[in-house]
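Enquirer: Please read through the structure below; I'll follow up with questions.
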Amino acid sequence: MDRLLVTGGTRLSGSVRIAGAKNSALKLLAASLLASGRSAIHNVPRIQDCLTMSEVLEHLGAEVRWYDDTVEVDATDVRSVEAPYELVSRMRASILVLGPLLARFGRARVAMPGGCNIGSRKIDLHIRGLERMGATFVSAHGFLEAAASGLRGAVISLDFPSVGATENVMMAAVSARGTTVIENAAREPELVDLADFLIGRGARIDGVGTPTIEIEGTDGFTPVEHTVIPDRIEAGTFAIAACATGGRVVLEGARGDHLDLVLSKLAELGADVIVTEGGIAVGLDGRARAVDFVTLPYPGFPTDLQPQMMALLSTADGTSIVTENVFESRFMFVDELNRMGADIRTEGHHAVIRGVPRLSSAPVRALDIRAGAAMVIAALAADGVTEIEDMYHVDRGYQDLEAKLTALGARVRRERERTPALS
Ligand code: UD1
């Protein structure tokens, strides 16, 4: 249970290299299960979630080797089809092995993920999509057991453009008999990266990045080498942190086209944003202006940057209104921000933020990955030393956070909880 001690008041300044996208790498690792052979995935962030997905693959029988930021997965000897509770409860994205396992073995047994800190997060759309393709599901003893004697193509219309459901269905459909059409599909850049990886392995996929994806089943999969896209959420987090401290950073390798709406919101609140081929430069002189925004599936404003943006708007000039449309309970961290002197009221999925001139340090907790990132941003902008507990949440999603912040001039120090000595 590590805690981070952040001394606020320093402007972030300098360059930071953006890591590979967590939400892409996790799916590529899962997709490696689709067929035997060795795939090499480059630019994988060495963060806890990717290590957990490696453990899931190894538990299933795959061989996983890390060389710096390259992960080689040899899925030839996969024998088990079961993702155990211990791993799924640590990371919900473990359920993404469902599609590939069903496609390859006609069977999968995946522990039910249960609730998490940002809402109930159902998996009904994953199940309904796979059922349309001929899979049957039984839920018993905390496990979801899926079986299919040959998946077949189908037209699947999602009630909501769920990222995970689109991915699970897409990974199952690449080896189904016939053509699958996913309507109202998610369009996130990480999903496009997954499709590129699958196409590299021999899959036939059309329309990815649009609301209608068409997939023609095939069985000729080959190993592939693939480089993960940069993490737009990590890039957005550093951009927002720079603005919150009145600083200026260069996000090396970040892609402006993946952050269109975020960058235009930052410009609206007064930031100066320059997008080049090699990255993005973001800076803000003085105090941010209040802005309103709503979270929506891509290309809307990402829910994964909502908490960080709320931390920035806490000290903006004026009142901002934020509407969260993707997750039902993603304002729980607001109480933590208010403990640092923010003035935020929530009502259902709306939040009203009255900007205060300055936040003040306080002991706070990271409630999940992005809420934790928001606390770090608030702490960087606050008076005094803020202690952030439960940093393990943040470690799930950010590689070398302290080193990167320190290189940008921040004063941060990690304290590791010591096990009391036995007397
Ligand atoms: C992914 C990302 C997460 C991001 C989210 C939305 C990964 C590992 N995680 O999560 O960081 O915040 O996209 O951009 O990539 N829903 C249902 N039924 C379902 C599936 C989803 O009701 O079967 C609901 C969820 O409860 C949630 C909303 O749909 O309210 C969005 O979920 P989804 O897009 O599936 O997010 P994830 O894939 O879980």
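Simple scheme: letters A, B, ... for chains in structure tokens order, numbers from 1 for residues in each chain, numbers from 1 for ligands in the order shown.
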If we count only C-alpha atoms and set the cut-off at 9 Å, which residues sit around Ala290 (chain A), ignoring sequence neighbours fewer than 6 positions away in its own chain? Please answer as a ChimeraX atom specification.
Expert: /A:268-269,313-321,353-355
Enquirer: How would the residues just picked look written out with N, CA, C and O atoms as a compact mmCIF listing (two decimals), in the first residue's frame?
Expert:
```txt
# COMPACT_ATOMS: atom_id res chain seq x y z
N GLU A 268 -9.74 25.82 -25.17
CA GLU A 268 -10.88 26.65 -24.73
C GLU A 268 -10.64 27.20 -23.32
O GLU A 268 -11.06 28.30 -23.01
N LEU A 269 -9.96 26.43 -22.48
CA LEU A 269 -9.74 26.94 -21.12
C LEU A 269 -8.48 27.82 -21.03
O LEU A 269 -8.10 28.27 -19.96
N LEU A 313 -10.12 21.84 -13.31
CA LEU A 313 -11.19 22.85 -13.26
C LEU A 313 -11.49 23.31 -11.84
O LEU A 313 -12.13 24.34 -11.64
N SER A 314 -11.03 22.54 -10.85
CA SER A 314 -11.25 22.93 -9.44
C SER A 314 -10.67 24.30 -9.14
O SER A 314 -11.13 24.98 -8.23
N THR A 315 -9.60 24.66 -9.88
CA THR A 315 -8.99 25.96 -9.61
C THR A 315 -9.17 26.93 -10.79
O THR A 315 -8.43 27.90 -10.93
N ALA A 316 -10.15 26.62 -11.65
CA ALA A 316 -10.38 27.49 -12.81
C ALA A 316 -11.12 28.76 -12.38
O ALA A 316 -11.72 28.81 -11.30
N ASP A 317 -11.08 29.74 -13.25
CA ASP A 317 -11.78 31.00 -12.98
C ASP A 317 -13.22 30.84 -13.47
O ASP A 317 -13.46 30.85 -14.68
N GLY A 318 -14.17 30.65 -12.56
CA GLY A 318 -15.57 30.51 -12.94
C GLY A 318 -16.12 29.13 -12.59
O GLY A 318 -15.46 28.32 -11.93
N THR A 319 -17.32 28.87 -13.08
CA THR A 319 -18.02 27.62 -12.74
C THR A 319 -18.11 26.73 -13.97
O THR A 319 -18.53 27.17 -15.04
N SER A 320 -17.73 25.46 -13.80
CA SER A 320 -17.78 24.50 -14.91
C SER A 320 -18.85 23.45 -14.61
O SER A 320 -19.07 23.09 -13.44
N ILE A 321 -19.44 22.94 -15.66
CA ILE A 321 -20.41 21.84 -15.49
C ILE A 321 -19.93 20.64 -16.27
O ILE A 321 -19.61 20.75 -17.46
N ILE A 353 -18.66 22.57 -10.71
CA ILE A 353 -17.38 22.88 -10.09
C ILE A 353 -17.24 24.40 -10.00
O ILE A 353 -17.14 25.07 -11.04
N ARG A 354 -17.22 24.91 -8.79
CA ARG A 354 -16.96 26.35 -8.64
C ARG A 354 -15.47 26.49 -8.39
O ARG A 354 -14.95 26.00 -7.38
N GLY A 355 -14.80 27.13 -9.32
CA GLY A 355 -13.34 27.23 -9.21
C GLY A 355 -12.92 28.02 -7.97
O GLY A 355 -13.52 29.04 -7.66
```
Enquirer: I'd like a table as CSV: residues in region 323-393 of chain A with an atom no more than 10 Å from region 223-243 of chain A, each row giving the shortest atom pair and its distance in Å to one decimal, only C-alpha atoms counted, sorted by chain and rising residue number.
Expert:
```
residue,atom,partner,partner_atom,distance
A:Arg370,CA,A:Thr237,CA,8.8
A:Ala373,CA,A:Thr237,CA,7.3
A:Ala374,CA,A:Thr237,CA,8.3
A:Val376,CA,A:Ala241,CA,8.4
A:Ile377,CA,A:Ala241,CA,5.3
A:Ala378,CA,A:Ala241,CA,8.3
A:Ala379,CA,A:Ala241,CA,9.9
A:Leu380,CA,A:Ala241,CA,7.6
A:Ala381,CA,A:Ala241,CA,8.4
```
Enquirer: I need the residue nearest Met112 (chain A) from this list: A:Gly283, A:Gly142, A:Gly153, A:Pro100. Use only C-alpha atoms for the distance.
Expert: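 The shortest atom-to-atom distance to Met112 (chain A) comes from A:Gly142.
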Enquirer: Determine the nearest neighbour of Gly20 (chain A) from the options A:Asp49, A:Asp400, A:Glu417, A:Asp69, counting only C-alpha atoms.
Expert: A:Asp69
Enquirer: Extract, using only C-alpha atoms, all DNA, RNA and protein residues at most 12 Å from region 73-80 of chain A, discarding same-chain residues fewer than 4 positions from it, and format them as a ChimeraX atom specification.
Expert: /A:28-42,53-67,84,97,100-102,104-110,222-226
Enquirer: Can you tell me which residues surround region 357-363 of chain A at a distance of at most 7 Å, considering only C-alpha atoms, apart from same-chain residues fewer than 3 positions away, and format the answer as a list in words?
Expert: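 Near neighbours after the sequence-gap exclusion: Thr315, Arg339, Met340, Gly341, Ala342, Ala379, Ala381, Ala382, Asp383, Gly384, Val385, Thr386, Glu387 and Ile388 of chain A.
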Enquirer: Ranking A:Leu144, A:Val163, A:Leu158, A:Ala351 by minimum distance to ligand 1 and counting only C-alpha atoms and all ligand atoms, which one comes first?
Expert: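 Smallest distance to ligand 1 is found for A:Val163.
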Enquirer: Which neighbours of Ala135 (chain A) fall inside 7 Å, counting only C-alpha atoms, when residues of the same chain fewer than 6 positions from it are skipped, and could you give them as a list of chain:residue names?
Expert: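 Once the nearby chain positions are removed, what remains is A:Ala146, A:Ala147, A:Ala148, A:Leu151.
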Enquirer: So which bits of region 100-142 of chain A end up alpha helix (DSSP H) when you DSSP the backbone, as a list in words?
Expert: Pro100, Leu101, Leu102, Ala103, Arg104, Phe105, Asp124, Leu125, His126, Ile127, Arg128, Gly129, Leu130, Glu131 and Arg132 of chain A
